[in-house]
$ cat upload01.cif   # mmCIF, C-alpha atoms
data_upload
#
loop_
_atom_site.label_atom_id
_atom_site.label_comp_id
_atom_site.auth_asym_id
_atom_site.auth_seq_id
_atom_site.Cartn_x
_atom_site.Cartn_y
_atom_site.Cartn_z
CA MET A 30 52.52 14.69 -26.69
CA ALA A 31 53.27 18.36 -25.95
CA GLN A 32 49.57 19.13 -26.25
CA ALA A 33 48.75 16.51 -23.59
CA GLY A 34 51.29 18.14 -21.25
CA HIS A 35 49.63 21.48 -21.84
CA SER A 36 46.26 19.93 -21.05
CA ILE A 37 47.59 18.54 -17.79
CA ALA A 38 49.09 21.92 -16.84
CA ALA A 39 45.73 23.58 -17.56
CA TRP A 40 43.93 20.86 -15.57
CA ILE A 41 46.28 21.36 -12.61
CA GLN A 42 45.52 25.10 -12.64
CA LYS A 43 41.77 24.45 -12.79
CA ALA A 44 42.08 22.02 -9.87
CA LYS A 45 44.07 24.60 -7.86
CA ASP A 46 41.45 27.26 -8.56
CA LEU A 47 38.57 24.96 -7.65
CA SER A 48 40.33 23.81 -4.47
CA ALA A 49 40.78 27.40 -3.36
CA GLU A 50 37.14 28.15 -4.17
CA LEU A 51 35.82 25.10 -2.29
CA SER A 52 37.92 25.63 0.80
CA PRO A 53 39.66 29.04 0.73
CA ARG A 54 41.16 28.83 4.21
CA SER A 55 41.92 25.12 4.19
CA VAL A 56 45.23 24.08 5.68
CA PHE A 57 45.29 21.35 3.05
CA ALA A 58 45.88 23.90 0.30
CA VAL A 59 48.98 25.18 2.06
CA PHE A 60 50.80 21.95 2.80
CA VAL A 61 50.28 18.56 1.25
CA ASP A 62 53.13 16.14 1.03
CA VAL A 63 53.31 13.54 -1.71
CA ASP A 64 53.75 9.99 -0.47
CA SER A 65 57.31 8.75 -0.44
CA SER A 66 58.48 6.25 -3.04
CA LYS A 67 58.88 3.65 -0.28
CA GLU A 68 55.26 4.13 0.87
CA ASN A 69 54.03 3.92 -2.72
CA ASP A 70 56.00 0.73 -3.35
CA ILE A 71 54.37 -0.86 -0.30
CA LEU A 72 50.90 0.26 -1.42
CA ALA A 73 51.49 -0.93 -4.99
CA ARG A 74 52.11 -4.48 -3.75
CA GLN A 75 48.70 -4.67 -2.08
CA ARG A 76 45.76 -5.93 -4.13
CA ASN A 77 43.22 -3.43 -2.86
CA THR A 78 45.15 -0.18 -3.38
CA TYR A 79 46.34 2.06 -6.16
CA ALA A 80 49.65 3.87 -6.01
CA PHE A 81 50.98 6.65 -8.18
CA VAL A 82 54.74 7.01 -8.28
CA PRO A 83 55.64 10.24 -10.10
CA SER A 84 58.78 10.13 -12.20
CA MET A 85 58.63 13.71 -13.47
CA PRO A 86 57.98 17.09 -11.80
CA GLU A 87 54.59 17.32 -13.54
CA GLY A 88 53.60 14.02 -11.96
CA THR A 89 54.56 15.30 -8.52
CA SER A 90 52.46 18.43 -9.10
CA LEU A 91 49.58 16.30 -10.30
CA ALA A 92 49.73 14.01 -7.25
CA ARG A 93 49.90 16.98 -4.90
CA ILE A 94 46.94 18.84 -6.44
CA ILE A 95 44.77 15.71 -6.49
CA LYS A 96 45.37 15.37 -2.74
CA VAL A 97 44.64 19.07 -2.20
CA LEU A 98 41.46 18.89 -4.29
CA ASP A 99 40.27 15.79 -2.43
CA ALA A 100 40.88 17.41 0.96
CA SER A 101 39.28 20.71 -0.12
CA PHE A 102 36.21 18.93 -1.47
CA LEU A 103 35.86 16.93 1.73
CA ASP A 104 36.19 20.14 3.75
CA TYR A 105 33.56 21.80 1.55
CA ARG A 106 31.14 18.89 1.88
CA THR A 107 31.33 19.01 5.65
CA LYS A 108 30.75 22.78 5.80
CA ALA A 109 28.53 23.45 2.78
CA PRO A 110 25.32 25.37 3.43
CA MET A 111 22.84 22.65 2.48
CA GLN A 112 19.99 25.16 2.31
CA ASP A 113 21.80 26.74 -0.66
CA SER A 114 21.26 23.82 -3.02
CA ALA A 115 22.20 25.81 -6.14
CA SER A 116 25.71 26.51 -4.77
CA VAL A 117 26.13 22.95 -3.56
CA ASN A 118 24.99 21.53 -6.91
CA ALA A 119 27.35 23.89 -8.75
CA ALA A 120 30.29 22.80 -6.59
CA PHE A 121 29.54 19.10 -7.07
CA GLY A 122 29.12 19.70 -10.80
CA ALA A 123 32.46 21.53 -11.01
CA VAL A 124 34.24 18.63 -9.32
CA ARG A 125 32.46 16.15 -11.59
CA ASP A 126 33.50 18.18 -14.66
CA LEU A 127 37.10 18.17 -13.45
CA VAL A 128 37.00 14.40 -12.94
CA LYS A 129 35.61 13.93 -16.47
CA GLU A 130 38.25 16.21 -17.96
CA PHE A 131 41.02 14.29 -16.18
CA HIS A 132 39.54 11.02 -17.42
CA ASP A 133 39.47 12.35 -20.99
CA ILE A 134 43.10 13.52 -20.77
CA THR A 135 44.17 10.14 -19.37
CA ASP A 136 42.19 8.24 -21.99
CA GLY A 137 43.69 10.33 -24.79
CA MET A 138 47.26 9.86 -23.57
CA THR A 139 46.86 6.11 -23.16
CA ARG A 140 45.40 5.80 -26.65
CA LYS A 141 48.37 7.69 -28.11
CA THR A 142 50.86 5.52 -26.23
CA GLY A 143 49.03 2.22 -26.65
CA THR A 144 48.82 1.85 -22.87
CA ARG A 145 45.99 -0.12 -21.28
CA PHE A 146 43.58 2.11 -19.37
CA VAL A 147 40.74 0.71 -17.31
CA PRO A 148 38.53 3.41 -15.78
CA PRO A 149 37.30 2.84 -12.22
CA LYS A 150 34.12 0.75 -12.12
CA ALA A 151 32.03 3.58 -10.66
CA TYR A 152 33.24 6.20 -13.17
CA ALA A 153 30.31 5.96 -15.61
CA SER A 154 27.64 6.12 -12.91
CA TYR A 155 29.43 8.99 -11.15
CA ILE A 156 29.59 11.07 -14.34
CA SER A 157 26.00 10.31 -15.36
CA ARG A 158 24.59 11.10 -11.92
CA GLY A 159 24.29 14.84 -12.48
CA ALA A 160 24.09 16.96 -9.36
CA ASN A 161 25.26 15.36 -6.10
#
$ encode --input "upload01.cif" --output "structure tokens"
Amino acid sequence: MAQAGHSIAAWIQKAKDLSAELSPRSVFAVFVDVDSSKENDILARQRNTYAFVPSMPEGTSLARIIKVLDASFLDYRTKAPMQDSASVNAAFGAVRDLVKEFHDITDGMTRKTGTRFVPPKAYASYISRGAN
């Protein structure tokens, strides 16, 4: 299990680096608060939401960087120079690679622990889409 933790730490660093590259001056990279346990409990009870309640410091870091990456990617998509399709395709590909790597880490950990893991329905089509 120590190797999985190392993989997550490496993934978190890659996500931080990519977030900074996508949106270097984004306010999202400076301050992102993780949802409170109370908010997550409320979300978890709803049928149409997913909630992540970290129980370890690594989980808190993971939740925070996912929010930062999401905000940075959104910021990038709204400001990206569309005439520079090579850069845009590279950015979308980097995010897609990061999503795939996170999926692979999650899948590996759940196999080791015998935990049920159901990937999001759109995962396969998102990964196979290629650029954009």
$ resolve_selection --input "upload01.cif" --expression "the PyMOL selection byres ((chain A and resi 48) around 9)" --output "ChimeraX atom specification"
/A:43-47,49-53,55,58,94,97-102
$ atom_distance --input "upload01.cif" --atom1 "atom CA of A:Gly143" --atom2 "atom CA of A:Leu91"
21.6 Å
$ resolve_selection --input "upload01.cif" --expression "the PyMOL selection byres ((chain A and resi 148) around 12)" --output "list in words"
Val128, Lys129, Phe131, His132, Asp133, Thr135, Asp136, Thr139, Arg145, Phe146, Val147, Pro149, Lys150, Ala151, Tyr152, Ala153, Ser154, Tyr155 and Ile156 of chain A
$ atom_distance --input "upload01.cif" --atom1 "atom CA of A:Leu103" --atom2 "atom CA of A:Val124"
11.3 Å
$ atom_distance --input "upload01.cif" --atom1 "atom CA of A:Asn118" --atom2 "atom CA of A:Tyr105"
12.0 Å
$ axis_aligned_box --input "upload01.cif" --around "stretch 33-52 of chain A" --padding-each-side "3 Å" --output "lines of an AutoDock Vina configuration file"
center_x = 43.6
center_y = 22.3
center_z = -11.4
size_x = 21.5
size_y = 17.6
size_z = 30.4
$ residues_around --input "upload01.cif" --residues "A:Val117" --least-positions-apart "4" --cutoff "12 Å" --atoms "all atoms listed in the file" --output "PyMOL selection string"
chain A and resi 51+102+105-113+121-124+160-161
$ decode --input "upload01.cif" --residues "stretch 131-146 of chain A" --atoms "all heavy atoms" --output "PDB file, in the first residue's frame"
ATOM      1  N   PHE A 131      -5.214   9.013 -12.550  1.00  0.00           N
ATOM      2  CA  PHE A 131      -5.956   8.948 -11.291  1.00  0.00           C
ATOM      3  C   PHE A 131      -6.900   7.741 -11.291  1.00  0.00           C
ATOM      4  O   PHE A 131      -7.022   7.039 -10.289  1.00  0.00           O
ATOM      5  CB  PHE A 131      -6.737  10.245 -11.051  1.00  0.00           C
ATOM      6  CG  PHE A 131      -7.380  10.287  -9.704  1.00  0.00           C
ATOM      7  CD1 PHE A 131      -6.629  10.512  -8.580  1.00  0.00           C
ATOM      8  CD2 PHE A 131      -8.745  10.093  -9.571  1.00  0.00           C
ATOM      9  CE1 PHE A 131      -7.212  10.544  -7.320  1.00  0.00           C
ATOM     10  CE2 PHE A 131      -9.345  10.123  -8.321  1.00  0.00           C
ATOM     11  CZ  PHE A 131      -8.576  10.354  -7.190  1.00  0.00           C
ATOM     12  N   HIS A 132      -7.540   7.501 -12.413  1.00  0.00           N
ATOM     13  CA  HIS A 132      -8.414   6.326 -12.538  1.00  0.00           C
ATOM     14  C   HIS A 132      -7.620   5.048 -12.294  1.00  0.00           C
ATOM     15  O   HIS A 132      -8.055   4.152 -11.566  1.00  0.00           O
ATOM     16  CB  HIS A 132      -9.051   6.299 -13.926  1.00  0.00           C
ATOM     17  CG  HIS A 132      -9.813   5.049 -14.202  1.00  0.00           C
ATOM     18  ND1 HIS A 132      -9.219   3.908 -14.704  1.00  0.00           N
ATOM     19  CD2 HIS A 132     -11.115   4.744 -14.034  1.00  0.00           C
ATOM     20  CE1 HIS A 132     -10.127   2.963 -14.830  1.00  0.00           C
ATOM     21  NE2 HIS A 132     -11.289   3.447 -14.436  1.00  0.00           N
ATOM     22  N   ASP A 133      -6.443   4.952 -12.905  1.00  0.00           N
ATOM     23  CA  ASP A 133      -5.619   3.749 -12.758  1.00  0.00           C
ATOM     24  C   ASP A 133      -5.167   3.549 -11.309  1.00  0.00           C
ATOM     25  O   ASP A 133      -5.154   2.422 -10.801  1.00  0.00           O
ATOM     26  CB  ASP A 133      -4.406   3.808 -13.687  1.00  0.00           C
ATOM     27  CG  ASP A 133      -4.791   3.736 -15.165  1.00  0.00           C
ATOM     28  OD1 ASP A 133      -5.951   3.369 -15.475  1.00  0.00           O
ATOM     29  OD2 ASP A 133      -3.926   4.058 -16.008  1.00  0.00           O
ATOM     30  N   ILE A 134      -4.803   4.639 -10.634  1.00  0.00           N
ATOM     31  CA  ILE A 134      -4.419   4.548  -9.218  1.00  0.00           C
ATOM     32  C   ILE A 134      -5.605   4.069  -8.390  1.00  0.00           C
ATOM     33  O   ILE A 134      -5.489   3.163  -7.558  1.00  0.00           O
ATOM     34  CB  ILE A 134      -3.915   5.909  -8.697  1.00  0.00           C
ATOM     35  CG1 ILE A 134      -2.571   6.258  -9.336  1.00  0.00           C
ATOM     36  CG2 ILE A 134      -3.791   5.895  -7.176  1.00  0.00           C
ATOM     37  CD1 ILE A 134      -2.134   7.700  -9.099  1.00  0.00           C
ATOM     38  N   THR A 135      -6.764   4.666  -8.620  1.00  0.00           N
ATOM     39  CA  THR A 135      -7.972   4.295  -7.879  1.00  0.00           C
ATOM     40  C   THR A 135      -8.336   2.843  -8.133  1.00  0.00           C
ATOM     41  O   THR A 135      -8.623   2.084  -7.201  1.00  0.00           O
ATOM     42  CB  THR A 135      -9.144   5.212  -8.275  1.00  0.00           C
ATOM     43  OG1 THR A 135      -8.773   6.564  -8.033  1.00  0.00           O
ATOM     44  CG2 THR A 135     -10.398   4.877  -7.486  1.00  0.00           C
ATOM     45  N   ASP A 136      -8.302   2.433  -9.390  1.00  0.00           N
ATOM     46  CA  ASP A 136      -8.621   1.051  -9.747  1.00  0.00           C
ATOM     47  C   ASP A 136      -7.660   0.079  -9.074  1.00  0.00           C
ATOM     48  O   ASP A 136      -8.078  -0.938  -8.519  1.00  0.00           O
ATOM     49  CB  ASP A 136      -8.579   0.894 -11.269  1.00  0.00           C
ATOM     50  CG  ASP A 136      -9.043  -0.482 -11.718  1.00  0.00           C
ATOM     51  OD1 ASP A 136     -10.145  -0.911 -11.301  1.00  0.00           O
ATOM     52  OD2 ASP A 136      -8.298  -1.124 -12.491  1.00  0.00           O
ATOM     53  N   GLY A 137      -6.381   0.410  -9.078  1.00  0.00           N
ATOM     54  CA  GLY A 137      -5.387  -0.466  -8.447  1.00  0.00           C
ATOM     55  C   GLY A 137      -5.591  -0.590  -6.952  1.00  0.00           C
ATOM     56  O   GLY A 137      -5.497  -1.693  -6.390  1.00  0.00           O
ATOM     57  N   MET A 138      -5.876   0.530  -6.292  1.00  0.00           N
ATOM     58  CA  MET A 138      -6.092   0.484  -4.841  1.00  0.00           C
ATOM     59  C   MET A 138      -7.348  -0.312  -4.499  1.00  0.00           C
ATOM     60  O   MET A 138      -7.362  -1.071  -3.541  1.00  0.00           O
ATOM     61  CB  MET A 138      -6.189   1.893  -4.264  1.00  0.00           C
ATOM     62  CG  MET A 138      -4.850   2.582  -4.186  1.00  0.00           C
ATOM     63  SD  MET A 138      -4.839   4.112  -3.225  1.00  0.00           S
ATOM     64  CE  MET A 138      -6.175   5.035  -3.925  1.00  0.00           C
ATOM     65  N   THR A 139      -8.404  -0.131  -5.269  1.00  0.00           N
ATOM     66  CA  THR A 139      -9.641  -0.849  -4.951  1.00  0.00           C
ATOM     67  C   THR A 139      -9.492  -2.341  -5.210  1.00  0.00           C
ATOM     68  O   THR A 139     -10.077  -3.153  -4.498  1.00  0.00           O
ATOM     69  CB  THR A 139     -10.845  -0.280  -5.729  1.00  0.00           C
ATOM     70  OG1 THR A 139     -10.580  -0.341  -7.124  1.00  0.00           O
ATOM     71  CG2 THR A 139     -11.116   1.150  -5.319  1.00  0.00           C
ATOM     72  N   ARG A 140      -8.705  -2.714  -6.203  1.00  0.00           N
ATOM     73  CA  ARG A 140      -8.449  -4.141  -6.435  1.00  0.00           C
ATOM     74  C   ARG A 140      -7.690  -4.753  -5.262  1.00  0.00           C
ATOM     75  O   ARG A 140      -7.996  -5.861  -4.824  1.00  0.00           O
ATOM     76  CB  ARG A 140      -7.664  -4.351  -7.729  1.00  0.00           C
ATOM     77  CG  ARG A 140      -8.474  -4.134  -8.967  1.00  0.00           C
ATOM     78  CD  ARG A 140      -7.593  -4.304 -10.214  1.00  0.00           C
ATOM     79  NE  ARG A 140      -8.254  -3.836 -11.393  1.00  0.00           N
ATOM     80  CZ  ARG A 140      -8.966  -4.626 -12.203  1.00  0.00           C
ATOM     81  NH1 ARG A 140      -9.076  -5.905 -11.933  1.00  0.00           N
ATOM     82  NH2 ARG A 140      -9.550  -4.117 -13.257  1.00  0.00           N
ATOM     83  N   LYS A 141      -6.685  -4.022  -4.765  1.00  0.00           N
ATOM     84  CA  LYS A 141      -5.889  -4.519  -3.633  1.00  0.00           C
ATOM     85  C   LYS A 141      -6.719  -4.654  -2.370  1.00  0.00           C
ATOM     86  O   LYS A 141      -6.474  -5.534  -1.550  1.00  0.00           O
ATOM     87  CB  LYS A 141      -4.705  -3.600  -3.361  1.00  0.00           C
ATOM     88  CG  LYS A 141      -3.607  -3.717  -4.380  1.00  0.00           C
ATOM     89  CD  LYS A 141      -2.466  -2.773  -4.050  1.00  0.00           C
ATOM     90  CE  LYS A 141      -1.400  -2.839  -5.116  1.00  0.00           C
ATOM     91  NZ  LYS A 141      -0.305  -1.904  -4.872  1.00  0.00           N
ATOM     92  N   THR A 142      -7.685  -3.761  -2.188  1.00  0.00           N
ATOM     93  CA  THR A 142      -8.482  -3.769  -0.959  1.00  0.00           C
ATOM     94  C   THR A 142      -9.801  -4.510  -1.110  1.00  0.00           C
ATOM     95  O   THR A 142     -10.552  -4.627  -0.143  1.00  0.00           O
ATOM     96  CB  THR A 142      -8.775  -2.329  -0.494  1.00  0.00           C
ATOM     97  OG1 THR A 142      -9.513  -1.652  -1.513  1.00  0.00           O
ATOM     98  CG2 THR A 142      -7.494  -1.584  -0.179  1.00  0.00           C
ATOM     99  N   GLY A 143     -10.103  -4.974  -2.317  1.00  0.00           N
ATOM    100  CA  GLY A 143     -11.359  -5.676  -2.546  1.00  0.00           C
ATOM    101  C   GLY A 143     -12.563  -4.750  -2.458  1.00  0.00           C
ATOM    102  O   GLY A 143     -13.665  -5.181  -2.142  1.00  0.00           O
ATOM    103  N   THR A 144     -12.352  -3.485  -2.734  1.00  0.00           N
ATOM    104  CA  THR A 144     -13.416  -2.485  -2.675  1.00  0.00           C
ATOM    105  C   THR A 144     -14.068  -2.364  -4.050  1.00  0.00           C
ATOM    106  O   THR A 144     -13.396  -2.448  -5.069  1.00  0.00           O
ATOM    107  CB  THR A 144     -12.832  -1.109  -2.281  1.00  0.00           C
ATOM    108  OG1 THR A 144     -12.093  -1.260  -1.074  1.00  0.00           O
ATOM    109  CG2 THR A 144     -13.918  -0.083  -2.078  1.00  0.00           C
ATOM    110  N   ARG A 145     -15.361  -2.181  -4.059  1.00  0.00           N
ATOM    111  CA  ARG A 145     -16.094  -2.017  -5.324  1.00  0.00           C
ATOM    112  C   ARG A 145     -15.799  -0.639  -5.910  1.00  0.00           C
ATOM    113  O   ARG A 145     -15.889   0.374  -5.222  1.00  0.00           O
ATOM    114  CB  ARG A 145     -17.587  -2.165  -5.063  1.00  0.00           C
ATOM    115  CG  ARG A 145     -18.424  -2.080  -6.303  1.00  0.00           C
ATOM    116  CD  ARG A 145     -19.885  -2.404  -5.974  1.00  0.00           C
ATOM    117  NE  ARG A 145     -20.693  -2.143  -7.139  1.00  0.00           N
ATOM    118  CZ  ARG A 145     -21.592  -1.168  -7.212  1.00  0.00           C
ATOM    119  NH1 ARG A 145     -21.813  -0.382  -6.178  1.00  0.00           N
ATOM    120  NH2 ARG A 145     -22.284  -0.979  -8.310  1.00  0.00           N
ATOM    121  N   PHE A 146     -15.444  -0.615  -7.169  1.00  0.00           N
ATOM    122  CA  PHE A 146     -15.152   0.642  -7.863  1.00  0.00           C
ATOM    123  C   PHE A 146     -15.911   0.655  -9.172  1.00  0.00           C
ATOM    124  O   PHE A 146     -15.745  -0.228 -10.002  1.00  0.00           O
ATOM    125  CB  PHE A 146     -13.646   0.769  -8.120  1.00  0.00           C
ATOM    126  CG  PHE A 146     -13.275   1.940  -8.996  1.00  0.00           C
ATOM    127  CD1 PHE A 146     -13.610   3.241  -8.644  1.00  0.00           C
ATOM    128  CD2 PHE A 146     -12.585   1.732 -10.173  1.00  0.00           C
ATOM    129  CE1 PHE A 146     -13.247   4.308  -9.440  1.00  0.00           C
ATOM    130  CE2 PHE A 146     -12.220   2.801 -10.984  1.00  0.00           C
ATOM    131  CZ  PHE A 146     -12.553   4.091 -10.618  1.00  0.00           C
TER     132      PHE A 146
END
